[in-house]
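Engineer: Following this line is target-v2.tsv, made up of TSV, N, CA, C and O atoms:
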```
chain	number	residue	atom	x	y	z
A	28	ILE	N	-1.25	7.44	10.51
A	28	ILE	CA	-2.36	6.55	10.19
A	28	ILE	C	-3.50	6.76	11.18
A	28	ILE	O	-4.66	6.81	10.80
A	29	SER	N	-3.17	6.89	12.43
A	29	SER	CA	-4.19	7.04	13.46
A	29	SER	C	-4.98	8.33	13.34
A	29	SER	O	-6.06	8.45	13.92
A	30	SER	N	-4.47	9.28	12.58
A	30	SER	CA	-5.15	10.57	12.48
A	30	SER	C	-6.23	10.60	11.39
A	30	SER	O	-6.90	11.62	11.25
A	31	ILE	N	-6.39	9.52	10.64
A	31	ILE	CA	-7.41	9.54	9.59
A	31	ILE	C	-8.79	9.73	10.21
A	31	ILE	O	-9.06	9.26	11.30
A	32	ARG	N	-9.64	10.48	9.49
A	32	ARG	CA	-10.99	10.76	10.01
A	32	ARG	C	-12.08	10.35	9.03
A	32	ARG	O	-13.16	9.99	9.42
A	33	THR	N	-11.79	10.47	7.71
A	33	THR	CA	-12.80	10.20	6.69
A	33	THR	C	-12.38	9.04	5.81
A	33	THR	O	-11.22	8.60	5.84
A	34	TYR	N	-13.32	8.58	5.00
A	34	TYR	CA	-12.99	7.53	4.06
A	34	TYR	C	-12.00	8.03	3.02
A	34	TYR	O	-11.17	7.26	2.54
A	35	GLY	N	-12.05	9.31	2.70
A	35	GLY	CA	-11.06	9.90	1.80
A	35	GLY	C	-9.67	9.85	2.40
A	35	GLY	O	-8.68	9.56	1.70
A	36	ASP	N	-9.57	10.09	3.71
A	36	ASP	CA	-8.29	9.97	4.41
A	36	ASP	C	-7.78	8.53	4.35
A	36	ASP	O	-6.59	8.29	4.14
A	37	TYR	N	-8.70	7.59	4.54
A	37	TYR	CA	-8.35	6.17	4.48
A	37	TYR	C	-7.76	5.82	3.12
A	37	TYR	O	-6.70	5.20	3.03
A	38	ILE	N	-8.43	6.26	2.05
A	38	ILE	CA	-7.97	5.96	0.69
A	38	ILE	C	-6.60	6.60	0.44
A	38	ILE	O	-5.72	5.99	-0.15
A	39	ALA	N	-6.44	7.84	0.87
A	39	ALA	CA	-5.16	8.53	0.68
A	39	ALA	C	-4.04	7.80	1.42
A	39	ALA	O	-2.93	7.64	0.89
A	40	MET	N	-4.32	7.36	2.64
A	40	MET	CA	-3.30	6.64	3.42
A	40	MET	C	-2.98	5.30	2.78
A	40	MET	O	-1.82	4.89	2.72
A	41	TYR	N	-3.99	4.62	2.29
A	41	TYR	CA	-3.80	3.34	1.60
A	41	TYR	C	-2.86	3.54	0.41
A	41	TYR	O	-1.91	2.77	0.22
A	42	LYS	N	-3.08	4.60	-0.36
A	42	LYS	CA	-2.24	4.89	-1.53
A	42	LYS	C	-0.81	5.23	-1.10
A	42	LYS	O	0.15	4.77	-1.74
A	43	MET	N	-0.66	6.00	-0.04
A	43	MET	CA	0.69	6.34	0.43
A	43	MET	C	1.45	5.09	0.86
A	43	MET	O	2.66	4.97	0.60
A	44	ILE	N	0.77	4.17	1.51
A	44	ILE	CA	1.42	2.92	1.94
A	44	ILE	C	1.88	2.13	0.72
A	44	ILE	O	3.01	1.63	0.68
A	45	ILE	N	1.03	2.02	-0.28
A	45	ILE	CA	1.40	1.29	-1.50
A	45	ILE	C	2.57	1.97	-2.19
A	45	ILE	O	3.54	1.31	-2.58
A	46	ASP	N	2.48	3.27	-2.37
A	46	ASP	CA	3.56	4.00	-3.06
A	46	ASP	C	4.89	3.86	-2.32
A	46	ASP	O	5.94	3.67	-2.94
A	47	ASN	N	4.85	3.96	-1.00
A	47	ASN	CA	6.06	3.81	-0.20
A	47	ASN	C	6.63	2.41	-0.36
A	47	ASN	O	7.84	2.23	-0.54
A	48	TYR	N	5.77	1.40	-0.30
A	48	TYR	CA	6.23	0.02	-0.44
A	48	TYR	C	6.89	-0.19	-1.80
A	48	TYR	O	7.98	-0.75	-1.88
A	49	LEU	N	6.24	0.25	-2.86
A	49	LEU	CA	6.80	0.04	-4.20
A	49	LEU	C	8.14	0.75	-4.35
A	49	LEU	O	9.08	0.20	-4.94
A	50	SER	N	8.25	1.93	-3.80
A	50	SER	CA	9.50	2.67	-3.85
A	50	SER	C	10.60	1.95	-3.08
A	50	SER	O	11.72	1.79	-3.58
A	51	GLU	N	10.29	1.52	-1.87
A	51	GLU	CA	11.26	0.81	-1.04
A	51	GLU	C	11.66	-0.52	-1.67
A	51	GLU	O	12.84	-0.89	-1.66
A	52	TYR	N	10.70	-1.22	-2.22
A	52	TYR	CA	10.97	-2.51	-2.87
A	52	TYR	C	11.90	-2.33	-4.05
A	52	TYR	O	12.91	-3.04	-4.19
A	53	GLU	N	11.58	-1.36	-4.91
A	53	GLU	CA	12.41	-1.13	-6.08
A	53	GLU	C	13.82	-0.70	-5.68
A	53	GLU	O	14.81	-1.18	-6.23
A	54	GLU	N	13.90	0.19	-4.71
A	54	GLU	CA	15.20	0.66	-4.23
A	54	GLU	C	16.04	-0.50	-3.67
A	54	GLU	O	17.25	-0.57	-3.89
A	55	ALA	N	15.40	-1.40	-2.96
A	55	ALA	CA	16.11	-2.50	-2.33
A	55	ALA	C	16.64	-3.52	-3.35
A	55	ALA	O	17.71	-4.09	-3.15
A	56	LEU	N	15.91	-3.72	-4.43
A	56	LEU	CA	16.26	-4.81	-5.32
A	56	LEU	C	16.82	-4.40	-6.68
A	56	LEU	O	17.46	-5.21	-7.34
A	57	LYS	N	16.60	-3.17	-7.08
A	57	LYS	CA	17.07	-2.75	-8.39
A	57	LYS	C	18.59	-2.88	-8.45
A	57	LYS	O	19.29	-2.50	-7.54
A	58	GLY	N	19.05	-3.45	-9.54
A	58	GLY	CA	20.48	-3.67	-9.70
A	58	GLY	C	20.97	-4.99	-9.12
A	58	GLY	O	22.16	-5.27	-9.14
A	59	THR	N	20.05	-5.79	-8.60
A	59	THR	CA	20.41	-7.12	-8.10
A	59	THR	C	19.76	-8.17	-8.99
A	59	THR	O	18.82	-7.87	-9.74
A	60	PRO	N	20.23	-9.42	-8.92
A	60	PRO	CA	19.61	-10.48	-9.71
A	60	PRO	C	18.15	-10.76	-9.32
A	60	PRO	O	17.41	-11.38	-10.08
A	61	LEU	N	17.73	-10.26	-8.17
A	61	LEU	CA	16.35	-10.48	-7.72
A	61	LEU	C	15.35	-9.54	-8.38
A	61	LEU	O	14.15	-9.74	-8.30
A	62	TYR	N	15.86	-8.49	-9.05
A	62	TYR	CA	14.97	-7.49	-9.64
A	62	TYR	C	14.69	-7.80	-11.10
A	62	TYR	O	15.60	-8.09	-11.88
A	63	SER	N	13.44	-7.72	-11.45
A	63	SER	CA	13.01	-7.85	-12.83
A	63	SER	C	12.06	-6.70	-13.12
A	63	SER	O	11.05	-6.54	-12.43
A	64	GLU	N	12.40	-5.91	-14.11
A	64	GLU	CA	11.56	-4.76	-14.48
A	64	GLU	C	10.14	-5.22	-14.78
A	64	GLU	O	9.17	-4.61	-14.35
A	65	GLU	N	10.02	-6.32	-15.51
A	65	GLU	CA	8.70	-6.84	-15.88
A	65	GLU	C	7.90	-7.27	-14.65
A	65	GLU	O	6.73	-6.93	-14.51
A	66	SER	N	8.55	-7.98	-13.75
A	66	SER	CA	7.88	-8.42	-12.53
A	66	SER	C	7.48	-7.24	-11.66
A	66	SER	O	6.40	-7.21	-11.08
A	67	PHE	N	8.36	-6.23	-11.60
A	67	PHE	CA	8.05	-5.05	-10.81
A	67	PHE	C	6.85	-4.32	-11.38
A	67	PHE	O	5.95	-3.91	-10.65
A	68	LYS	N	6.81	-4.18	-12.70
A	68	LYS	CA	5.67	-3.51	-13.33
A	68	LYS	C	4.37	-4.28	-13.09
A	68	LYS	O	3.33	-3.68	-12.87
A	69	ASP	N	4.44	-5.61	-13.13
A	69	ASP	CA	3.26	-6.43	-12.84
A	69	ASP	C	2.79	-6.21	-11.40
A	69	ASP	O	1.59	-6.08	-11.15
A	70	MET	N	3.75	-6.19	-10.48
A	70	MET	CA	3.42	-5.99	-9.08
A	70	MET	C	2.83	-4.59	-8.88
A	70	MET	O	1.83	-4.42	-8.18
A	71	GLN	N	3.43	-3.60	-9.51
A	71	GLN	CA	2.95	-2.22	-9.43
A	71	GLN	C	1.50	-2.14	-9.95
A	71	GLN	O	0.65	-1.51	-9.33
A	72	GLU	N	1.24	-2.80	-11.04
A	72	GLU	CA	-0.10	-2.81	-11.62
A	72	GLU	C	-1.10	-3.47	-10.67
A	72	GLU	O	-2.22	-2.98	-10.49
A	73	GLU	N	-0.70	-4.57	-10.07
A	73	GLU	CA	-1.58	-5.28	-9.14
A	73	GLU	C	-1.93	-4.40	-7.93
A	73	GLU	O	-3.10	-4.31	-7.55
A	74	TYR	N	-0.93	-3.76	-7.35
A	74	TYR	CA	-1.19	-2.90	-6.20
A	74	TYR	C	-2.04	-1.69	-6.59
A	74	TYR	O	-2.92	-1.27	-5.82
A	75	ASN	N	-1.81	-1.14	-7.77
A	75	ASN	CA	-2.62	-0.01	-8.22
A	75	ASN	C	-4.06	-0.43	-8.49
A	75	ASN	O	-4.99	0.33	-8.23
A	76	GLU	N	-4.27	-1.66	-8.97
A	76	GLU	CA	-5.62	-2.18	-9.15
A	76	GLU	C	-6.31	-2.34	-7.80
A	76	GLU	O	-7.50	-2.01	-7.67
A	77	ASN	N	-5.58	-2.84	-6.81
A	77	ASN	CA	-6.14	-2.97	-5.46
A	77	ASN	C	-6.54	-1.60	-4.91
A	77	ASN	O	-7.59	-1.46	-4.28
A	78	TYR	N	-5.70	-0.61	-5.16
A	78	TYR	CA	-6.00	0.75	-4.73
A	78	TYR	C	-7.28	1.25	-5.43
A	78	TYR	O	-8.16	1.82	-4.78
A	79	GLU	N	-7.36	1.06	-6.72
A	79	GLU	CA	-8.54	1.51	-7.46
A	79	GLU	C	-9.81	0.81	-6.95
A	79	GLU	O	-10.87	1.44	-6.88
A	80	ASP	N	-9.69	-0.46	-6.59
A	80	ASP	CA	-10.84	-1.18	-6.01
A	80	ASP	C	-11.28	-0.53	-4.70
A	80	ASP	O	-12.47	-0.33	-4.47
A	81	GLN	N	-10.32	-0.21	-3.84
A	81	GLN	CA	-10.63	0.44	-2.57
A	81	GLN	C	-11.23	1.83	-2.81
A	81	GLN	O	-12.21	2.21	-2.17
A	82	LYS	N	-10.65	2.55	-3.75
A	82	LYS	CA	-11.12	3.89	-4.07
A	82	LYS	C	-12.57	3.85	-4.57
A	82	LYS	O	-13.40	4.65	-4.15
A	83	GLU	N	-12.85	2.89	-5.43
A	83	GLU	CA	-14.21	2.74	-5.95
A	83	GLU	C	-15.19	2.33	-4.86
A	83	GLU	O	-16.31	2.83	-4.80
A	84	LEU	N	-14.75	1.47	-3.98
A	84	LEU	CA	-15.60	0.99	-2.88
A	84	LEU	C	-16.06	2.13	-1.99
A	84	LEU	O	-17.20	2.18	-1.56
A	85	TYR	N	-15.17	3.07	-1.71
A	85	TYR	CA	-15.46	4.15	-0.77
A	85	TYR	C	-15.70	5.51	-1.44
A	85	TYR	O	-15.86	6.52	-0.74
A	86	ALA	N	-15.77	5.55	-2.76
A	86	ALA	CA	-15.87	6.82	-3.49
A	86	ALA	C	-17.07	7.66	-3.05
A	86	ALA	O	-16.95	8.87	-2.89
A	87	ASP	N	-18.20	7.04	-2.86
A	87	ASP	CA	-19.41	7.79	-2.49
A	87	ASP	C	-19.38	8.30	-1.05
A	87	ASP	O	-20.20	9.14	-0.68
A	88	MET	N	-18.45	7.78	-0.26
A	88	MET	CA	-18.39	8.15	1.16
A	88	MET	C	-17.13	8.94	1.50
A	88	MET	O	-16.79	9.09	2.66
A	89	GLU	N	-16.45	9.44	0.50
A	89	GLU	CA	-15.14	10.06	0.68
A	89	GLU	C	-15.08	11.11	1.79
A	89	GLU	O	-14.11	11.18	2.54
A	90	ASP	N	-16.10	11.92	1.92
A	90	ASP	CA	-16.10	13.00	2.91
A	90	ASP	C	-16.76	12.61	4.23
A	90	ASP	O	-16.82	13.42	5.15
A	91	GLU	N	-17.24	11.39	4.33
A	91	GLU	CA	-17.93	10.94	5.55
A	91	GLU	C	-16.95	10.46	6.60
A	91	GLU	O	-15.89	9.93	6.28
A	92	GLU	N	-17.33	10.68	7.86
A	92	GLU	CA	-16.53	10.20	8.98
A	92	GLU	C	-16.46	8.67	8.94
A	92	GLU	O	-17.45	8.01	8.59
A	93	LEU	N	-15.34	8.14	9.32
A	93	LEU	CA	-15.15	6.69	9.34
A	93	LEU	C	-16.06	6.02	10.37
A	93	LEU	O	-16.18	6.49	11.50
A	94	ILE	N	-16.65	4.93	9.97
A	94	ILE	CA	-17.36	4.06	10.89
A	94	ILE	C	-16.45	2.85	11.07
A	94	ILE	O	-15.97	2.28	10.09
A	95	GLY	N	-16.20	2.47	12.29
A	95	GLY	CA	-15.25	1.37	12.52
A	95	GLY	C	-13.82	1.80	12.30
A	95	GLY	O	-13.01	1.04	11.78
A	96	LYS	N	-13.53	3.04	12.67
A	96	LYS	CA	-12.21	3.61	12.44
A	96	LYS	C	-11.11	2.72	13.02
A	96	LYS	O	-10.09	2.51	12.36
A	97	ASP	N	-11.30	2.21	14.21
A	97	ASP	CA	-10.25	1.40	14.85
A	97	ASP	C	-9.85	0.22	13.98
A	97	ASP	O	-8.66	-0.08	13.85
A	98	SER	N	-10.82	-0.45	13.39
A	98	SER	CA	-10.48	-1.62	12.57
A	98	SER	C	-9.80	-1.21	11.27
A	98	SER	O	-8.90	-1.91	10.79
A	99	LEU	N	-10.20	-0.08	10.69
A	99	LEU	CA	-9.53	0.39	9.47
A	99	LEU	C	-8.11	0.86	9.77
A	99	LEU	O	-7.19	0.60	8.99
A	100	VAL	N	-7.93	1.53	10.89
A	100	VAL	CA	-6.59	1.95	11.30
A	100	VAL	C	-5.72	0.72	11.55
A	100	VAL	O	-4.57	0.66	11.09
A	101	GLU	N	-6.26	-0.26	12.23
A	101	GLU	CA	-5.52	-1.50	12.49
A	101	GLU	C	-5.14	-2.19	11.18
A	101	GLU	O	-4.01	-2.66	11.01
A	102	PHE	N	-6.09	-2.23	10.23
A	102	PHE	CA	-5.80	-2.83	8.92
A	102	PHE	C	-4.64	-2.10	8.25
A	102	PHE	O	-3.72	-2.73	7.74
A	103	LEU	N	-4.70	-0.77	8.22
A	103	LEU	CA	-3.64	0.00	7.56
A	103	LEU	C	-2.29	-0.20	8.22
A	103	LEU	O	-1.26	-0.35	7.54
A	104	ILE	N	-2.27	-0.23	9.54
A	104	ILE	CA	-1.01	-0.44	10.26
A	104	ILE	C	-0.45	-1.82	9.96
A	104	ILE	O	0.74	-1.98	9.66
A	105	ASN	N	-1.31	-2.84	10.00
A	105	ASN	CA	-0.86	-4.20	9.70
A	105	ASN	C	-0.41	-4.33	8.25
A	105	ASN	O	0.59	-5.01	7.96
A	106	PHE	N	-1.13	-3.69	7.35
A	106	PHE	CA	-0.78	-3.70	5.93
A	106	PHE	C	0.60	-3.07	5.74
A	106	PHE	O	1.49	-3.65	5.11
A	107	ARG	N	0.80	-1.89	6.30
A	107	ARG	CA	2.08	-1.19	6.21
A	107	ARG	C	3.21	-2.04	6.80
A	107	ARG	O	4.27	-2.20	6.20
A	108	ASP	N	2.97	-2.58	7.99
A	108	ASP	CA	4.01	-3.34	8.67
A	108	ASP	C	4.37	-4.62	7.93
A	108	ASP	O	5.55	-4.99	7.86
A	109	SER	N	3.38	-5.30	7.37
A	109	SER	CA	3.67	-6.54	6.64
A	109	SER	C	4.45	-6.24	5.36
A	109	SER	O	5.37	-6.99	5.00
A	110	LEU	N	4.13	-5.15	4.68
A	110	LEU	CA	4.88	-4.77	3.48
A	110	LEU	C	6.31	-4.38	3.85
A	110	LEU	O	7.26	-4.73	3.15
A	111	LYS	N	6.47	-3.67	4.95
A	111	LYS	CA	7.81	-3.28	5.40
A	111	LYS	C	8.63	-4.51	5.79
A	111	LYS	O	9.81	-4.62	5.45
A	112	GLU	N	8.00	-5.44	6.46
A	112	GLU	CA	8.68	-6.68	6.86
A	112	GLU	C	9.17	-7.43	5.61
A	112	GLU	O	10.30	-7.92	5.57
A	113	PHE	N	8.32	-7.50	4.60
A	113	PHE	CA	8.71	-8.17	3.36
A	113	PHE	C	9.87	-7.45	2.69
A	113	PHE	O	10.85	-8.08	2.28
A	114	THR	N	9.77	-6.13	2.60
A	114	THR	CA	10.85	-5.35	1.98
A	114	THR	C	12.16	-5.51	2.75
A	114	THR	O	13.22	-5.69	2.15
A	115	ASP	N	12.08	-5.48	4.07
A	115	ASP	CA	13.28	-5.67	4.89
A	115	ASP	C	13.91	-7.04	4.64
A	115	ASP	O	15.14	-7.16	4.54
A	116	SER	N	13.08	-8.07	4.52
A	116	SER	CA	13.63	-9.40	4.27
A	116	SER	C	14.26	-9.48	2.89
A	116	SER	O	15.28	-10.13	2.69
A	117	MET	N	13.66	-8.79	1.91
A	117	MET	CA	14.23	-8.77	0.57
A	117	MET	C	15.56	-8.00	0.56
A	117	MET	O	16.49	-8.40	-0.14
A	118	LYS	N	15.66	-6.94	1.34
A	118	LYS	CA	16.92	-6.20	1.46
A	118	LYS	C	18.01	-7.12	2.02
A	118	LYS	O	19.15	-7.08	1.56
A	119	ASP	N	17.66	-7.91	3.04
A	119	ASP	CA	18.62	-8.82	3.64
A	119	ASP	C	19.10	-9.87	2.62
A	119	ASP	O	20.28	-10.19	2.57
A	120	ILE	N	18.16	-10.38	1.84
A	120	ILE	CA	18.52	-11.39	0.84
A	120	ILE	C	19.39	-10.78	-0.25
A	120	ILE	O	20.35	-11.41	-0.70
A	121	ALA	N	19.06	-9.56	-0.65
A	121	ALA	CA	19.80	-8.91	-1.74
A	121	ALA	C	21.20	-8.49	-1.35
A	121	ALA	O	22.06	-8.31	-2.21
A	122	SER	N	21.45	-8.33	-0.05
A	122	SER	CA	22.77	-7.84	0.34
A	122	SER	C	23.73	-8.95	0.69
A	122	SER	O	23.52	-10.05	0.69
```
Reformat the file's structure so that it appears as structure tokens.

Structural biologist:
Amino acid sequence: ISSIRTYGDYIAMYKMIIDNYLSEYEEALKGTPLYSEESFKDMQEEYNENYEDQKELYADMEDEELIGKDSLVEFLINFRDSLKEFTDSMKDIAS
């Protein structure tokens, strides 16, 4: 995450965090009473919409160097960590 340099890097990292979270979430809960295919698809759609919003916001600046890189890096790290914390808690509940 700390190695991002451009807004395109930021968007790519944002997408990787979302994809990893959705994969981990589904893996943790699939096959348990806590998993609902419909709810998972709704959540997947919501996260993909958030990604598309971010992508659209920064589309014109994709190749430009980040301004305020530290705050964007901090956001991505906090975003990743909070999703991981949630997934870990769901794994504990499911087991």

Engineer: Need to verify the contact set: A:Leu103, 8 Å, only N, CA, C and O atoms, exclusion of same-chain residues closer than 5 positions in sequence. Can you return it as a list in words?

Structural biologist: Ile28, Tyr37, Met40, Tyr41, Ile44, Lys96, Asp97, Ser98, Asp108, Ser109 and Leu110 of chain A

Engineer: For atom CA of A:Pro60 and atom C of A:Asn77, determine how far apart the two atoms are, in Å to one decimal place.

Structural biologist: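 We find that atom CA of A:Pro60 and atom C of A:Asn77 lie 28.0 Å from each other.
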
Engineer: Work out how far apart atom CA of A:Met88 and atom CA of A:Ala39 are and give it in Å to one decimal.

Structural biologist: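 Atom CA of A:Ala39 lies at a distance of 13.2 Å from atom CA of A:Met88.
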
Engineer: Among chain A, which residues does DSSP mark as helix (DSSP H, G or I) when it is run on the backbone? Keep the chain and numbering as in the structure and answer as a PyMOL selection string.

Structural biologist: chain A and resi 34-56+64-88+96-121

Engineer: Using only N, CA, C and O atoms, give me every residue within 7 Å of (-4.0, 5.8, 13.8) in file coordinates, as an MDAnalysis selection string.

Structural biologist: chainID A and resid 28:31 100:101

Engineer: Nearest residue to A:Asn75 out of A:Ile45, A:Lys111, A:Ala55, A:Phe102, using only N, CA, C and O atoms?

Structural biologist: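 Ranked by minimum distance to A:Asn75, first place goes to A:Ile45.
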
Engineer: Please measure the separation of atom N of A:Met117 and atom O of A:Asp80, giving the value in Å to one decimal.

Structural biologist: 28.2 Å

Engineer: Nearest residue to A:Ala121 out of A:Leu93, A:Leu61, A:Leu84, A:Ile104, using only N, CA, C and O atoms?

Structural biologist: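 Smallest distance to A:Ala121 is found for A:Leu61.
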
Engineer: Let me know the centre plus edge lengths, in Å and rounded to one decimal, of a box with edges along x, y and z that contains all listed atoms of stretch 91-102 of chain A and is padded by 6 Å on every side, as AutoDock Vina command-line options.

Structural biologist:
```
--center_x -10.8 --center_y 4.3 --center_z 9.6 --size_x 26.2 --size_y 26.2 --size_z 22.5
```

Engineer: Taking into account only C-alpha atoms, which residue in the set A:Thr33, A:Ser50, A:Ser63, A:Ser116 is nearest to A:Gly95?

Structural biologist: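 When distances to A:Gly95 are compared using only C-alpha atoms, the smallest one comes from A:Thr33.
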